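Raw contents of coords_36.cif, mmCIF, C-alpha atoms and all ligand atoms:
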```
data_target
#
loop_
_atom_site.group_PDB
_atom_site.id
_atom_site.type_symbol
_atom_site.label_atom_id
_atom_site.label_comp_id
_atom_site.auth_asym_id
_atom_site.auth_seq_id
_atom_site.Cartn_x
_atom_site.Cartn_y
_atom_site.Cartn_z
ATOM 1 C CA MET A 24 -40.455 22.310 -74.839
ATOM 2 C CA PHE A 25 -38.174 20.557 -72.306
ATOM 3 C CA LEU A 26 -35.293 22.875 -73.115
ATOM 4 C CA ASP A 27 -37.594 25.896 -72.698
ATOM 5 C CA LEU A 28 -38.711 24.688 -69.265
ATOM 6 C CA ASP A 29 -35.135 23.872 -68.336
ATOM 7 C CA SER A 30 -33.993 27.383 -69.320
ATOM 8 C CA GLY A 31 -37.043 28.887 -67.590
ATOM 9 C CA LYS A 32 -36.073 27.252 -64.316
ATOM 10 C CA LEU A 33 -32.537 28.604 -64.654
ATOM 11 C CA TYR A 34 -33.812 32.157 -65.254
ATOM 12 C CA VAL A 35 -36.119 31.981 -62.216
ATOM 13 C CA PHE A 36 -33.195 30.657 -60.170
ATOM 14 C CA LEU A 37 -30.883 33.494 -61.266
ATOM 15 C CA GLY A 38 -33.649 36.083 -60.809
ATOM 16 C CA GLY A 39 -34.296 34.870 -57.250
ATOM 17 C CA LEU A 40 -30.604 34.959 -56.433
ATOM 18 C CA ILE A 41 -30.317 38.597 -57.558
ATOM 19 C CA LEU A 42 -33.585 39.661 -55.893
ATOM 20 C CA PHE A 43 -32.843 38.136 -52.477
ATOM 21 C CA GLY A 44 -29.191 39.218 -52.729
ATOM 22 C CA LEU A 45 -30.345 42.838 -53.148
ATOM 23 C CA ILE A 46 -32.810 42.559 -50.232
ATOM 24 C CA GLU A 47 -29.938 41.213 -48.106
ATOM 25 C CA LEU A 48 -28.010 44.415 -48.811
ATOM 26 C CA TRP A 49 -31.087 46.488 -47.951
ATOM 27 C CA ILE A 50 -32.278 44.840 -44.714
ATOM 28 C CA PRO A 51 -29.682 42.344 -43.390
ATOM 29 C CA SER A 52 -30.528 40.588 -40.131
ATOM 30 C CA ARG A 53 -26.882 40.092 -39.073
ATOM 31 C CA ARG A 54 -23.383 41.055 -40.102
ATOM 32 C CA ARG A 55 -22.321 39.488 -43.372
ATOM 33 C CA PRO A 56 -20.191 36.314 -43.008
ATOM 34 C CA PRO A 57 -16.371 36.661 -43.050
ATOM 35 C CA GLN A 58 -14.229 35.568 -46.041
ATOM 36 C CA ARG A 59 -16.944 36.835 -48.337
ATOM 37 C CA LEU A 60 -15.106 36.628 -51.652
ATOM 38 C CA GLN A 61 -13.765 33.123 -50.963
ATOM 39 C CA ARG A 62 -17.173 31.985 -49.789
ATOM 40 C CA TYR A 63 -19.078 33.373 -52.778
ATOM 41 C CA CYS A 64 -16.527 31.877 -55.208
ATOM 42 C CA PHE A 65 -16.839 28.500 -53.460
ATOM 43 C CA HIS A 66 -20.640 28.568 -53.568
ATOM 44 C CA ALA A 67 -20.646 29.760 -57.194
ATOM 45 C CA ALA A 68 -18.349 26.852 -58.148
ATOM 46 C CA VAL A 69 -20.645 24.357 -56.370
ATOM 47 C CA ALA A 70 -23.648 25.879 -58.161
ATOM 48 C CA ALA A 71 -21.882 25.629 -61.533
ATOM 49 C CA LEU A 72 -20.976 21.978 -60.870
ATOM 50 C CA ASN A 73 -24.509 21.176 -59.757
ATOM 51 C CA THR A 74 -26.071 23.050 -62.645
ATOM 52 C CA VAL A 75 -24.161 20.904 -65.134
ATOM 53 C CA VAL A 76 -24.380 17.565 -63.278
ATOM 54 C CA ILE A 77 -27.882 17.898 -61.927
ATOM 55 C CA ARG A 78 -29.500 19.413 -64.986
ATOM 56 C CA ILE A 79 -28.163 16.578 -67.131
ATOM 57 C CA LEU A 80 -28.565 13.690 -64.691
ATOM 58 C CA VAL A 81 -31.619 14.762 -62.707
ATOM 59 C CA PHE A 82 -33.656 17.706 -63.923
ATOM 60 C CA VAL A 83 -34.182 16.810 -67.584
ATOM 61 C CA PRO A 84 -34.693 13.032 -66.974
ATOM 62 C CA PHE A 85 -36.988 13.973 -64.115
ATOM 63 C CA LEU A 86 -39.064 16.243 -66.301
ATOM 64 C CA LEU A 87 -39.395 13.427 -68.855
ATOM 65 C CA TRP A 88 -40.354 11.049 -66.028
ATOM 66 C CA ALA A 89 -42.992 13.497 -64.717
ATOM 67 C CA VAL A 90 -44.436 13.822 -68.246
ATOM 68 C CA HIS A 91 -44.465 10.004 -68.567
ATOM 69 C CA VAL A 92 -46.238 9.569 -65.208
ATOM 70 C CA ASP A 93 -48.674 12.297 -66.261
ATOM 71 C CA GLU A 94 -49.420 10.595 -69.610
ATOM 72 C CA GLN A 95 -49.841 7.182 -68.006
ATOM 73 C CA GLY A 96 -52.247 8.594 -65.434
ATOM 74 C CA TRP A 97 -50.414 6.975 -62.527
ATOM 75 C CA GLY A 98 -50.708 7.940 -58.887
ATOM 76 C CA VAL A 99 -53.037 8.865 -56.057
ATOM 77 C CA ALA A 100 -53.866 12.331 -57.461
ATOM 78 C CA ARG A 101 -55.290 10.729 -60.613
ATOM 79 C CA TRP A 102 -57.213 8.048 -58.746
ATOM 80 C CA LEU A 103 -58.796 10.798 -56.655
ATOM 81 C CA GLY A 104 -59.756 12.578 -59.880
ATOM 82 C CA LEU A 105 -57.949 15.821 -58.970
ATOM 83 C CA HIS A 106 -57.573 18.312 -61.796
ATOM 84 C CA GLY A 107 -57.004 21.991 -62.643
ATOM 85 C CA TRP A 108 -55.706 24.405 -60.001
ATOM 86 C CA PHE A 109 -56.901 22.166 -57.187
ATOM 87 C CA GLU A 110 -54.624 19.384 -58.442
ATOM 88 C CA ILE A 111 -51.709 21.808 -58.711
ATOM 89 C CA LEU A 112 -52.202 23.080 -55.144
ATOM 90 C CA ALA A 113 -52.742 19.581 -53.713
ATOM 91 C CA SER A 114 -49.653 18.287 -55.537
ATOM 92 C CA ILE A 115 -47.499 21.161 -54.270
ATOM 93 C CA VAL A 116 -48.608 20.369 -50.694
ATOM 94 C CA ALA A 117 -48.042 16.612 -51.198
ATOM 95 C CA LEU A 118 -44.587 17.104 -52.735
ATOM 96 C CA ASP A 119 -43.645 19.522 -49.956
ATOM 97 C CA ALA A 120 -44.669 16.884 -47.390
ATOM 98 C CA PHE A 121 -42.287 14.502 -49.131
ATOM 99 C CA ASP A 122 -39.506 17.099 -48.977
ATOM 100 C CA TYR A 123 -40.081 17.467 -45.218
ATOM 101 C CA ALA A 124 -39.762 13.697 -44.720
ATOM 102 C CA TRP A 125 -36.707 13.538 -46.986
ATOM 103 C CA HIS A 126 -34.968 16.432 -45.229
ATOM 104 C CA ARG A 127 -35.644 14.866 -41.841
ATOM 105 C CA ALA A 128 -34.300 11.541 -43.096
ATOM 106 C CA ASN A 129 -31.137 13.378 -44.188
ATOM 107 C CA HIS A 130 -30.571 14.347 -40.550
ATOM 108 C CA ARG A 131 -31.525 10.980 -39.074
ATOM 109 C CA ILE A 132 -29.928 8.420 -41.371
ATOM 110 C CA ARG A 133 -26.122 8.414 -41.190
ATOM 111 C CA PHE A 134 -25.609 7.520 -44.827
ATOM 112 C CA LEU A 135 -27.702 10.512 -45.942
ATOM 113 C CA TRP A 136 -26.205 12.870 -43.344
ATOM 114 C CA ARG A 137 -22.751 12.312 -44.867
ATOM 115 C CA PHE A 138 -23.971 14.218 -47.928
ATOM 116 C CA HIS A 139 -26.328 16.685 -46.248
ATOM 117 C CA LYS A 140 -23.638 17.871 -43.816
ATOM 118 C CA ALA A 141 -21.948 19.539 -46.818
ATOM 119 C CA HIS A 142 -24.823 22.014 -46.784
ATOM 120 C CA HIS A 143 -24.705 22.519 -42.999
ATOM 121 C CA ALA A 144 -20.938 23.016 -42.860
ATOM 122 C CA ASP A 145 -21.380 26.655 -43.930
ATOM 123 C CA THR A 146 -20.265 28.832 -41.006
ATOM 124 C CA GLY A 147 -22.253 31.785 -42.325
ATOM 125 C CA MET A 148 -25.739 31.940 -43.738
ATOM 126 C CA ASP A 149 -27.093 33.969 -46.627
ATOM 127 C CA VAL A 150 -28.753 33.446 -49.988
ATOM 128 C CA SER A 151 -25.598 31.735 -51.317
ATOM 129 C CA THR A 152 -26.017 28.965 -48.686
ATOM 130 C CA ALA A 153 -28.932 27.742 -50.832
ATOM 131 C CA LEU A 154 -26.359 26.852 -53.512
ATOM 132 C CA ARG A 155 -24.100 24.590 -51.459
ATOM 133 C CA PHE A 156 -25.650 21.160 -51.764
ATOM 134 C CA HIS A 157 -23.435 18.169 -52.358
ATOM 135 C CA PRO A 158 -24.149 16.726 -55.848
ATOM 136 C CA GLY A 159 -24.467 13.293 -54.193
ATOM 137 C CA GLU A 160 -27.384 14.539 -52.092
ATOM 138 C CA LEU A 161 -29.098 15.974 -55.170
ATOM 139 C CA LEU A 162 -28.654 12.710 -57.071
ATOM 140 C CA LEU A 163 -30.021 10.622 -54.180
ATOM 141 C CA SER A 164 -32.873 13.045 -53.715
ATOM 142 C CA GLY A 165 -33.723 12.828 -57.433
ATOM 143 C CA LEU A 166 -33.834 9.025 -57.317
ATOM 144 C CA VAL A 167 -36.054 8.855 -54.237
ATOM 145 C CA LYS A 168 -38.290 11.649 -55.430
ATOM 146 C CA ALA A 169 -38.863 9.847 -58.755
ATOM 147 C CA GLY A 170 -40.564 7.096 -56.726
ATOM 148 C CA TRP A 171 -42.718 9.598 -54.883
ATOM 149 C CA ILE A 172 -43.725 11.224 -58.202
ATOM 150 C CA ALA A 173 -45.029 7.842 -59.403
ATOM 151 C CA VAL A 174 -46.918 7.273 -56.128
ATOM 152 C CA TRP A 175 -48.548 10.703 -55.941
ATOM 153 C CA GLY A 176 -48.868 11.292 -59.727
ATOM 154 C CA PRO A 177 -48.724 15.089 -60.102
ATOM 155 C CA THR A 178 -49.255 16.578 -63.546
ATOM 156 C CA ALA A 179 -46.023 17.699 -65.195
ATOM 157 C CA VAL A 180 -47.185 21.327 -64.773
ATOM 158 C CA ALA A 181 -47.698 20.851 -61.008
ATOM 159 C CA TRP A 182 -44.303 19.228 -60.625
ATOM 160 C CA PHE A 183 -42.590 21.998 -62.608
ATOM 161 C CA LEU A 184 -44.294 24.768 -60.573
ATOM 162 C CA PHE A 185 -43.325 22.942 -57.375
ATOM 163 C CA GLU A 186 -39.677 22.848 -58.440
ATOM 164 C CA LEU A 187 -39.727 26.587 -59.187
ATOM 165 C CA LEU A 188 -41.304 27.281 -55.796
ATOM 166 C CA VAL A 189 -38.761 25.116 -53.962
ATOM 167 C CA SER A 190 -35.921 26.940 -55.682
ATOM 168 C CA LEU A 191 -37.285 30.386 -54.730
ATOM 169 C CA CYS A 192 -38.271 29.349 -51.183
ATOM 170 C CA ALA A 193 -34.820 27.851 -50.522
ATOM 171 C CA GLN A 194 -33.156 31.094 -51.613
ATOM 172 C CA PHE A 195 -35.577 33.150 -49.505
ATOM 173 C CA HIS A 196 -35.311 31.168 -46.266
ATOM 174 C CA HIS A 197 -31.513 30.951 -46.403
ATOM 175 C CA ALA A 198 -31.187 34.691 -47.062
ATOM 176 C CA ASN A 199 -29.772 37.101 -44.509
ATOM 177 C CA ILE A 200 -32.964 39.162 -44.434
ATOM 178 C CA ALA A 201 -34.514 40.843 -41.387
ATOM 179 C CA LEU A 202 -38.233 40.878 -42.023
ATOM 180 C CA PRO A 203 -40.196 43.213 -39.731
ATOM 181 C CA SER A 204 -41.348 40.992 -36.843
ATOM 182 C CA LYS A 205 -45.050 41.455 -37.597
ATOM 183 C CA LEU A 206 -44.563 40.487 -41.249
ATOM 184 C CA ASP A 207 -42.411 37.545 -40.152
ATOM 185 C CA SER A 208 -45.085 36.224 -37.821
ATOM 186 C CA VAL A 209 -47.901 36.618 -40.403
ATOM 187 C CA LEU A 210 -45.871 35.218 -43.317
ATOM 188 C CA GLY A 211 -44.453 32.506 -41.044
ATOM 189 C CA ARG A 212 -47.876 30.918 -40.739
ATOM 190 C CA VAL A 213 -47.859 29.883 -44.389
ATOM 191 C CA LEU A 214 -44.221 30.086 -45.483
ATOM 192 C CA VAL A 215 -40.829 29.128 -44.048
ATOM 193 C CA THR A 216 -39.108 32.460 -43.296
ATOM 194 C CA PRO A 217 -35.372 33.249 -42.950
ATOM 195 C CA ARG A 218 -35.685 33.507 -39.166
ATOM 196 C CA TYR A 219 -37.430 30.122 -38.953
ATOM 197 C CA HIS A 220 -34.947 28.285 -41.174
ATOM 198 C CA GLY A 221 -31.989 30.142 -39.616
ATOM 199 C CA LEU A 222 -32.604 28.144 -36.435
ATOM 200 C CA HIS A 223 -32.130 24.939 -38.432
ATOM 201 C CA HIS A 224 -28.552 26.005 -39.254
ATOM 202 C CA LEU A 225 -27.410 26.883 -35.741
ATOM 203 C CA THR A 226 -24.361 25.084 -34.386
ATOM 204 C CA GLU A 227 -26.346 24.309 -31.265
ATOM 205 C CA ARG A 228 -27.931 21.009 -32.258
ATOM 206 C CA ARG A 229 -31.053 21.284 -30.126
ATOM 207 C CA PHE A 230 -32.083 23.975 -32.636
ATOM 208 C CA GLY A 231 -30.319 22.524 -35.652
ATOM 209 C CA ASP A 232 -32.262 19.294 -35.628
ATOM 210 C CA ARG A 233 -35.565 21.105 -35.899
ATOM 211 C CA ASN A 234 -37.436 23.153 -38.524
ATOM 212 C CA PHE A 235 -37.047 20.807 -41.496
ATOM 213 C CA ALA A 236 -39.842 22.273 -43.642
ATOM 214 C CA THR A 237 -39.063 23.675 -47.098
ATOM 215 C CA ILE A 238 -42.138 25.662 -48.229
ATOM 216 C CA PHE A 239 -44.896 25.270 -45.636
ATOM 217 C CA PRO A 240 -43.931 25.279 -41.926
ATOM 218 C CA TRP A 241 -46.978 23.169 -40.990
ATOM 219 C CA TRP A 242 -45.152 19.850 -41.219
ATOM 220 C CA ASP A 243 -42.835 20.703 -38.321
ATOM 221 C CA ALA A 244 -45.785 21.737 -36.172
ATOM 222 C CA LEU A 245 -47.670 18.575 -37.138
ATOM 223 C CA PHE A 246 -44.802 16.189 -36.400
ATOM 224 C CA GLY A 247 -43.333 17.948 -33.351
ATOM 225 C CA THR A 248 -40.104 19.248 -34.897
ATOM 226 C CA ALA A 249 -40.823 22.994 -34.779
ATOM 227 C CA VAL A 250 -38.815 25.469 -32.697
ATOM 228 C CA LYS A 251 -39.453 29.208 -32.708
ATOM 229 C CA SER A 252 -36.930 30.713 -30.268
ATOM 230 C CA VAL A 253 -35.062 33.783 -31.401
ATOM 231 C CA PRO A 254 -31.273 33.155 -31.387
ATOM 232 C CA GLY A 255 -29.036 35.694 -29.647
ATOM 233 C CA ASP A 256 -26.511 37.903 -31.461
ATOM 234 C CA ASP A 257 -23.720 35.454 -30.617
ATOM 235 C CA ALA A 258 -25.467 32.557 -32.418
ATOM 236 C CA LYS A 259 -23.110 30.476 -34.561
ATOM 237 C CA PHE A 260 -23.924 28.667 -37.781
ATOM 238 C CA GLY A 261 -22.404 25.448 -39.070
ATOM 239 C CA LEU A 262 -21.185 22.201 -37.588
ATOM 240 C CA PRO A 263 -19.123 22.215 -34.391
ATOM 241 C CA GLU A 264 -17.134 19.143 -35.444
ATOM 242 C CA ASP A 265 -16.649 19.928 -39.138
ATOM 243 C CA ARG A 266 -15.789 23.621 -39.389
ATOM 244 C CA GLY A 267 -12.875 22.762 -41.706
ATOM 245 C CA LEU A 268 -15.379 21.725 -44.388
ATOM 246 C CA ALA A 269 -16.803 25.202 -44.798
ATOM 247 C CA LEU A 270 -14.508 26.432 -47.571
ATOM 248 C CA ALA A 271 -12.237 23.529 -48.526
ATOM 249 C CA PRO A 272 -13.438 22.301 -51.945
ATOM 250 C CA LEU A 273 -11.590 18.974 -52.057
ATOM 251 C CA GLU A 274 -12.404 18.041 -48.433
ATOM 252 C CA TRP A 275 -15.979 19.123 -49.012
ATOM 253 C CA ILE A 276 -16.548 16.978 -52.096
ATOM 254 C CA LEU A 277 -14.780 13.906 -50.610
ATOM 255 C CA GLU A 278 -16.260 14.121 -47.103
ATOM 256 C CA PRO A 279 -19.182 11.716 -47.713
ATOM 257 C CA PHE A 280 -16.717 8.995 -48.698
ATOM 258 C CA ARG A 281 -14.415 9.288 -45.643
ATOM 259 C CA SER A 282 -14.359 6.232 -43.421
ATOM 260 C CA ARG A 283 -14.772 8.338 -40.249
ATOM 261 C CA ASN A 284 -18.369 8.967 -41.251
ATOM 262 C CA LEU A 285 -19.049 5.333 -40.499
ATOM 263 C CA ASP A 286 -17.869 5.849 -36.917
ATOM 264 C CA LEU A 287 -20.719 4.728 -34.667
ATOM 265 C CA ALA A 288 -19.389 6.576 -31.607
ATOM 266 C CA SER A 289 -19.531 10.029 -33.206
ATOM 267 C CA SER A 290 -22.979 9.313 -34.552
ATOM 268 C CA THR A 291 -24.203 8.260 -31.116
ATOM 269 C CA SER A 292 -22.811 11.374 -29.440
ATOM 270 C CA ARG A 293 -24.503 13.495 -32.099
ATOM 271 C CA GLN A 294 -27.793 11.796 -31.457
ATOM 272 C CA GLN A 295 -27.448 12.276 -27.724
ATOM 273 C CA SER A 296 -26.664 15.957 -28.153
ATOM 274 C CA GLY A 297 -29.487 16.891 -30.445
ATOM 275 C CA GLU A 298 -31.773 14.222 -31.730
ATOM 276 C CA SER A 299 -33.399 12.977 -28.558
ATOM 277 C CA GLY A 300 -36.792 14.550 -29.257
ATOM 278 C CA VAL A 301 -37.677 12.462 -32.290
HETATM 279 ZN ZN ZN T 1 -30.802 20.259 -42.923
#
```

Kindly return the structure encoded in the file as structure tokens.
Ligand SMILES: [Zn+2]
Amino acid sequence: MFLDLDSGKLYVFLGGLILFGLIELWIPSRRRPPQRLQRYCFHAAVAALNTVVIRILVFVPFLLWAVHVDEQGWGVARWLGLHGWFEILASIVALDAFDYAWHRANHRIRFLWRFHKAHHADTGMDVSTALRFHPGELLLSGLVKAGWIAVWGPTAVAWFLFELLVSLCAQFHHANIALPSKLDSVLGRVLVTPRYHGLHHLTERRFGDRNFATIFPWWDALFGTAVKSVPGDDAKFGLPEDRGLALAPLEWILEPFRSRNLDLASSTSRQQSGESGV
């Protein structure tokens, strides 16, 4: 059963990648990033590394943990007596709220930012950007999320559906897709769209330290971290100070462990430039 679910998640992941990749070719919102072949190879290598490391160290143990929590009847969802589709929906919302808080913490806490910056160092943005997470961030996220699973207590089915949804939503909102503006504004009320998440990746930090939501955009509105401006054609993606990390595999993997990331001065200047609103 676990192997079937594990394979199922992989198929959904690959299906989403192909689907959103084709839509990118059909209705791109901006010119495709330079160094395409090098970039896709880099992102594919990161995905392959993460698929092996994370499936073994996080996904399968996590699934077993979710089943264990489910069988033990732990967590708030159980104490509230939630069940059926209502439990699944409530758990997806609760887990997404956790993801919002976790993502925001990744931008606010220096230790976590060391890993998360690997994702933001991409100087382009398309569906392949959803692949470039540092394995250290995924491991840390898995550990912290295991605690949240025990606190909330989703059923294993709810947790699995949430993981599938996160995977598809991350591919969608990183994709280089120009949705018609009316569709974007209607869909954007319930789902994080490419335009909305694109702002989160801008080099200009006053945008980049906003729009943390993964599935539902409500959390940003609720906690005052939403921004909805439309970037101009000259908008740049990535990190102004770490552009060398975009496509350098060894630098990229070692970056979290460099001593310069402990430098208080650079952290302070970063906070002054973009994090003053929170
Ligand atoms: Zn981020």

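When only C-alpha atoms are used to compute distances to Arg218 in chain A, the closest of the residues A:Asp93, A:Asp119, A:Asp149, A:Glu110 turns out to be A:Asp149.
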
Inset, instruction - Return as a VMD selection string the residues of protein, DNA or RNA that approach ligand ZN 1 (chain T) to within 8 Å, with only C-alpha atoms and all ligand atoms taken into account. - result: chain A and resid 126 to 127 129 to 130 139 to 140 142 to 143 223 to 224 231 to 232 235

Set up a box along x, y and z of the file covering all listed atoms of range 31-35 of chain A, add 5 Å on every one of the six sides, and write the centre and edge lengths in Å to one decimal, as AutoDock Vina command-line options.
```
--center_x -34.8 --center_y 29.7 --center_z -64.9 --size_x 14.5 --size_y 14.9 --size_z 15.4
```

Inset, instruction - I need the residue set behind the PyMOL selection byres (((chain A and resi 52) around 7) and not hetatm) for this file; please write it as a ChimeraX atom specification. - result: /A:50-51,53,199-201

For the residues in the current selection, export C-alpha atoms as a short mmCIF file (atom, residue, chain, number, x, y, z; two decimals), in the coordinates of the input.
```cif
data_model
loop_
_atom_site.label_atom_id
_atom_site.label_comp_id
_atom_site.auth_asym_id
_atom_site.auth_seq_id
_atom_site.Cartn_x
_atom_site.Cartn_y
_atom_site.Cartn_z
CA ILE A 50 -32.28 44.84 -44.71
CA PRO A 51 -29.68 42.34 -43.39
CA ARG A 53 -26.88 40.09 -39.07
CA ASN A 199 -29.77 37.10 -44.51
CA ILE A 200 -32.96 39.16 -44.43
CA ALA A 201 -34.51 40.84 -41.39
#
```

Legend entry - Target residues per the PyMOL selection byres (((chain A and resi 69) around 12) and not hetatm), formatted as a ChimeraX atom specification: /A:62-68,70-77,141-142,151-159,161,270-273,275-276

Inset, instruction - Would you mind telling me which residue in A:Pro84, A:Pro240, A:Gly176, A:Pro217 lies nearest to Asp122 in chain A when using all atoms listed in the file? - result: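 Ranked by minimum distance to Asp122 in chain A, first place goes to A:Pro240.
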
Legend entry - Hits of the PyMOL selection byres (((chain A and resi 179) around 10) and not hetatm) in this structure, as a list in words: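 Expected selection for the PyMOL selection byres (((chain A and resi 179) around 10) and not hetatm) here is Phe85, Leu86, Leu87, Trp88, Ala89, Val90, His91, Val92, Asp93, Glu94, Ile111, Ile172, Gly176, Pro177, Thr178, Val180, Ala181, Trp182, Phe183, Leu184 and Phe185 of chain A.
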
Go ahead and save the residues from that selection, with C-alpha atoms, as a compact mmCIF listing (two decimals), in the coordinates of the input.
```txt
# COMPACT_ATOMS: atom_id res chain seq x y z
CA PHE A 85 -36.99 13.97 -64.11
CA LEU A 86 -39.06 16.24 -66.30
CA LEU A 87 -39.40 13.43 -68.86
CA TRP A 88 -40.35 11.05 -66.03
CA ALA A 89 -42.99 13.50 -64.72
CA VAL A 90 -44.44 13.82 -68.25
CA HIS A 91 -44.46 10.00 -68.57
CA VAL A 92 -46.24 9.57 -65.21
CA ASP A 93 -48.67 12.30 -66.26
CA GLU A 94 -49.42 10.60 -69.61
CA ILE A 111 -51.71 21.81 -58.71
CA ILE A 172 -43.72 11.22 -58.20
CA GLY A 176 -48.87 11.29 -59.73
CA PRO A 177 -48.72 15.09 -60.10
CA THR A 178 -49.26 16.58 -63.55
CA VAL A 180 -47.18 21.33 -64.77
CA ALA A 181 -47.70 20.85 -61.01
CA TRP A 182 -44.30 19.23 -60.62
CA PHE A 183 -42.59 22.00 -62.61
CA LEU A 184 -44.29 24.77 -60.57
CA PHE A 185 -43.32 22.94 -57.38
```

Inset, instruction - In Å, rounded to a single decimal, give me how far CA of His196 in chain A is from CA of Val209 in chain A. - result: 14.9 Å
